[in-house]
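Note: the block below is protein-v1.txt and it holds compact mmCIF, C-alpha atoms.
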```
# COMPACT_ATOMS: atom_id res chain seq x y z
CA MET A 1 149.75 27.04 42.76
CA PRO A 2 151.42 24.14 40.91
CA TRP A 3 154.79 22.57 41.64
CA SER A 4 157.57 25.10 41.31
CA SER A 5 161.34 25.11 41.28
CA PRO A 6 164.10 27.67 41.84
CA CYS A 7 164.56 27.73 38.05
CA VAL A 8 160.99 28.90 37.47
CA SER A 9 161.38 31.62 40.09
CA ALA A 10 164.69 32.73 38.55
CA PHE A 11 163.16 32.74 35.05
CA THR A 12 160.29 34.92 36.32
CA ILE A 13 162.69 37.38 37.96
CA LEU A 14 164.78 37.59 34.79
CA ARG A 15 161.66 38.19 32.68
CA LYS A 16 160.65 41.08 34.99
CA ARG A 17 164.17 42.53 34.62
CA GLY A 18 163.80 42.48 30.84
CA GLN A 19 166.16 39.52 30.39
CA PRO A 20 163.80 36.63 29.60
CA VAL A 21 165.13 33.10 29.18
CA LEU A 22 164.30 32.18 25.60
CA LYS A 23 165.76 28.70 25.25
CA ILE A 24 166.74 25.80 27.51
CA ARG A 25 168.83 22.87 26.36
CA GLN A 26 168.70 19.93 28.76
CA ASP A 27 168.56 16.17 28.97
CA ASN A 28 165.18 14.46 29.16
CA LEU A 29 165.22 13.33 32.78
CA ASP A 30 161.92 13.27 34.65
CA GLU A 31 162.68 16.37 36.75
CA ASN A 32 163.46 18.34 33.59
CA LYS A 33 160.19 17.23 31.99
CA LYS A 34 158.42 18.32 35.18
CA LEU A 35 160.14 21.71 34.91
CA VAL A 36 158.92 22.15 31.32
CA LYS A 37 155.37 21.27 32.37
CA CYS A 38 155.58 23.88 35.13
CA LEU A 39 156.98 26.55 32.78
CA LYS A 40 154.07 26.12 30.39
CA CYS A 41 151.28 25.88 33.00
CA LYS A 42 148.60 28.57 33.28
CA ASP A 43 150.08 30.03 36.48
CA TRP A 44 153.57 30.74 35.10
CA LYS A 45 153.02 31.12 31.34
CA LEU A 46 156.72 31.30 30.54
CA ASP A 47 157.32 31.04 26.81
CA VAL A 48 160.59 29.13 26.79
CA GLN A 49 161.74 26.99 23.89
CA VAL A 50 162.97 23.63 25.17
CA GLU A 51 165.47 21.39 23.40
CA TYR A 52 166.42 17.94 24.62
CA THR A 53 169.88 16.54 24.10
CA ALA A 54 170.73 12.94 23.36
CA ARG A 55 172.43 10.74 25.94
CA ASP A 56 176.26 10.81 26.17
CA THR A 57 176.60 13.86 23.91
CA PRO A 58 178.95 16.77 24.58
CA GLN A 59 175.96 18.99 25.43
CA GLN A 60 175.32 16.96 28.57
CA ASN A 61 178.94 17.09 29.71
CA SER A 62 180.24 20.42 28.51
CA LEU A 63 180.71 23.71 30.34
CA ALA A 64 178.23 23.12 33.16
CA GLU A 65 179.70 19.73 33.96
CA GLN A 66 183.22 21.18 33.79
CA GLY A 67 182.08 23.94 36.15
CA PHE A 68 180.87 21.40 38.72
CA THR A 69 184.19 19.57 38.47
CA PHE A 70 186.13 22.82 38.83
CA ILE A 71 184.18 23.94 41.93
CA SER A 72 184.55 20.48 43.50
CA SER A 73 188.30 20.56 42.87
CA LYS A 74 188.60 24.00 44.41
CA THR A 75 186.59 22.79 47.41
CA ARG A 76 188.84 19.77 47.98
CA THR A 77 191.91 22.00 47.61
CA ALA A 78 190.61 24.46 50.22
CA LEU A 79 189.81 21.62 52.63
CA ASN A 80 193.34 20.23 52.13
CA ALA A 81 194.99 23.64 52.55
CA ALA A 82 193.09 24.19 55.81
CA ASN A 83 194.20 20.74 57.08
CA ILE A 84 190.62 19.68 57.82
CA PRO A 85 190.52 16.12 59.22
CA GLN A 86 188.73 13.57 57.07
CA ASP A 87 185.91 13.08 59.61
CA GLN A 88 185.09 16.83 59.54
CA ARG A 89 185.19 17.25 55.74
CA TYR A 90 181.68 15.91 55.25
CA ARG A 91 180.35 18.45 57.73
CA LEU A 92 182.19 21.39 56.13
CA PHE A 93 182.06 20.41 52.44
CA SER A 94 178.80 22.24 51.63
CA GLU A 95 179.95 25.52 53.26
CA CYS A 96 183.29 25.29 51.50
CA ALA A 97 181.66 24.52 48.13
CA MET A 98 179.31 27.51 48.56
CA THR A 99 182.26 29.77 49.33
CA MET A 100 184.20 28.49 46.30
CA THR A 101 181.10 29.11 44.15
CA LYS A 102 180.82 32.68 45.43
CA LEU A 103 184.51 33.25 44.72
CA ASP A 104 183.99 31.85 41.23
CA TRP A 105 181.48 34.65 40.63
CA LEU A 106 184.42 37.05 40.92
CA ASN A 107 186.38 35.50 38.04
CA ILE A 108 186.97 38.06 35.33
CA VAL A 109 185.76 37.09 31.86
CA GLU A 110 185.53 38.85 28.52
CA ILE A 111 182.15 38.78 26.78
CA ASP A 112 181.72 40.66 23.51
CA GLY A 113 184.88 42.66 24.22
CA VAL A 114 183.74 43.75 27.70
CA ILE A 115 185.90 42.62 30.64
CA LYS A 116 184.02 42.26 33.94
CA THR A 117 183.38 39.69 36.65
CA ARG A 118 180.82 37.01 35.89
CA PHE A 119 178.50 38.45 38.50
CA VAL A 120 178.63 41.94 36.96
CA HIS A 121 178.16 40.54 33.44
CA PHE A 122 174.97 38.87 34.62
CA GLY A 123 173.56 42.24 35.64
CA TYR A 124 174.36 42.48 39.33
CA GLY A 125 176.80 44.73 41.10
CA LEU A 126 179.90 43.44 42.80
CA PRO A 127 178.92 41.41 45.90
CA LYS A 128 179.53 43.17 49.21
CA PHE A 129 181.98 40.52 50.38
CA ALA A 130 184.29 41.24 47.40
CA HIS A 131 185.97 44.02 49.38
CA TYR A 132 186.52 41.75 52.43
CA LEU A 133 188.05 38.55 51.03
CA ASN A 134 189.57 35.99 53.39
CA THR A 135 191.33 32.67 53.03
CA TRP A 136 188.99 29.75 53.62
CA GLY A 137 189.95 28.01 56.85
CA GLU A 138 191.83 30.89 58.46
CA ALA A 139 191.46 31.44 62.19
CA GLY A 140 189.51 34.31 63.71
CA THR A 141 188.29 35.23 67.16
CA ILE A 142 184.63 35.90 67.82
CA LYS A 143 183.35 37.68 70.91
CA ASN A 144 181.19 35.62 73.23
CA GLY A 145 180.90 37.86 76.25
CA LYS A 146 182.74 38.15 79.52
CA VAL A 147 183.17 35.06 81.68
CA GLY A 148 184.33 36.39 85.03
CA LYS A 149 187.43 38.47 85.54
CA THR A 150 189.90 35.95 84.09
CA GLY A 151 187.74 34.03 81.61
CA ASN A 152 188.01 34.23 77.85
CA ARG A 153 185.99 36.90 76.10
CA GLY A 154 186.15 35.20 72.75
CA ALA A 155 186.44 31.88 71.00
CA THR A 156 188.88 30.93 68.27
CA CYS A 157 186.92 29.86 65.22
CA MET A 158 187.55 29.08 61.58
CA PHE A 159 186.34 31.15 58.62
CA ILE A 160 184.05 28.97 56.46
CA GLY A 161 182.17 31.45 54.28
CA TYR A 162 180.43 34.73 53.55
CA VAL A 163 176.96 35.51 54.88
CA ASN A 164 174.24 36.24 52.31
CA ASN A 165 172.28 39.50 52.49
CA HIS A 166 174.60 41.09 55.04
CA GLU A 167 177.46 43.54 54.92
CA GLY A 168 180.66 42.19 53.39
CA TYR A 169 182.46 41.96 56.72
CA CYS A 170 179.97 39.40 58.13
CA TYR A 171 181.30 35.87 57.99
CA HIS A 172 180.28 32.29 58.76
CA MET A 173 182.63 31.08 61.47
CA TRP A 174 182.91 27.47 62.68
CA ASN A 175 183.88 26.59 66.23
CA PRO A 176 185.62 23.19 66.22
CA VAL A 177 185.19 22.83 70.00
CA THR A 178 181.38 23.18 69.98
CA ASN A 179 181.10 21.94 66.35
CA HIS A 180 178.69 24.78 65.50
CA SER A 181 178.84 27.61 63.00
CA ALA A 182 177.57 31.13 63.47
CA LYS A 183 177.38 34.46 61.64
CA HIS A 184 179.72 37.12 62.96
CA ALA A 185 180.97 40.53 61.95
CA MET A 186 184.74 40.90 62.07
```

Please express the file's structure as structure tokens.
Amino acid sequence: MPWSSPCVSAFTILRKRGQPVLKIRQDNLDENKKLVKCLKCKDWKLDVQVEYTARDTPQQNSLAEQGFTFISSKTRTALNAANIPQDQRYRLFSECAMTMTKLDWLNIVEIDGVIKTRFVHFGYGLPKFAHYLNTWGEAGTIKNGKVGKTGNRGATCMFIGYVNNHEGYCYHMWNPVTNHSAKHAM
């Protein structure tokens, strides 16, 4: 099997769902040329038309680039609102950015007169966590068992995200004392 990427896998899944990717517009960086080579190889055989954009054109800095900036801004805002110390931000940035991305899926947009969330427009149902939304950085207690008669039976942790492929009420919680995160149902 040749080199692959998440894009090739996603394109294959979309083709099987009857929603093939017909055209890609991208810059001509080496990794993008490698992707095109992979798409056209004998193992994948994906018939995708590829267009390359010129350097410093609006195509390279339009909606996708604005989306990255928007998610990064939301991430910094959530870290500020949760009063995360500067030395912990690097550790928590990726979890926060993933959570902000998942919340961005729930934005309601109108496409061809139909008003739905982005996730539903793309052909998926509403994510399970959509019915159990929390504020990033809020405190929660997770059970950790009984420690004697007078010991704590839980630890105070911070909500840092939603768990993939679980029920909506399962969350990623971060314990600032142990500096570890874990999946827990609340």

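Between CA of Val114 in chain A and CA of Val21 in chain A lies a distance of 21.5 Å.
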
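The residue that comes closest to Lys40 in chain A, out of A:Gly67, A:Thr135, A:Asp87, A:Val8 and on the basis of only C-alpha atoms, is A:Val8.
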
Selection near Ile142 in chain A, 8 Å with only C-alpha atoms, sequence-local residues under 3 positions removed, as an MDAnalysis selection string: chainID A and resid 154:157 184 186

All file atoms of range 24-42 of chain A boxed axis-aligned, 3 Å per side, centre plus edges, as JSON:
```
{"center_x": 158.7, "center_y": 20.9, "center_z": 31.6, "size_x": 26.2, "size_y": 21.3, "size_z": 16.4}
```

Residue nearest Ala78 in chain A - candidates A:Glu51, A:Gly161, A:Cys170, A:Cys38, atoms counted: all atoms listed in the file: A:Gly161

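Note that the spacing between CA of Ile24 in chain A and CA of Glu110 in chain A amounts to 22.9 Å.
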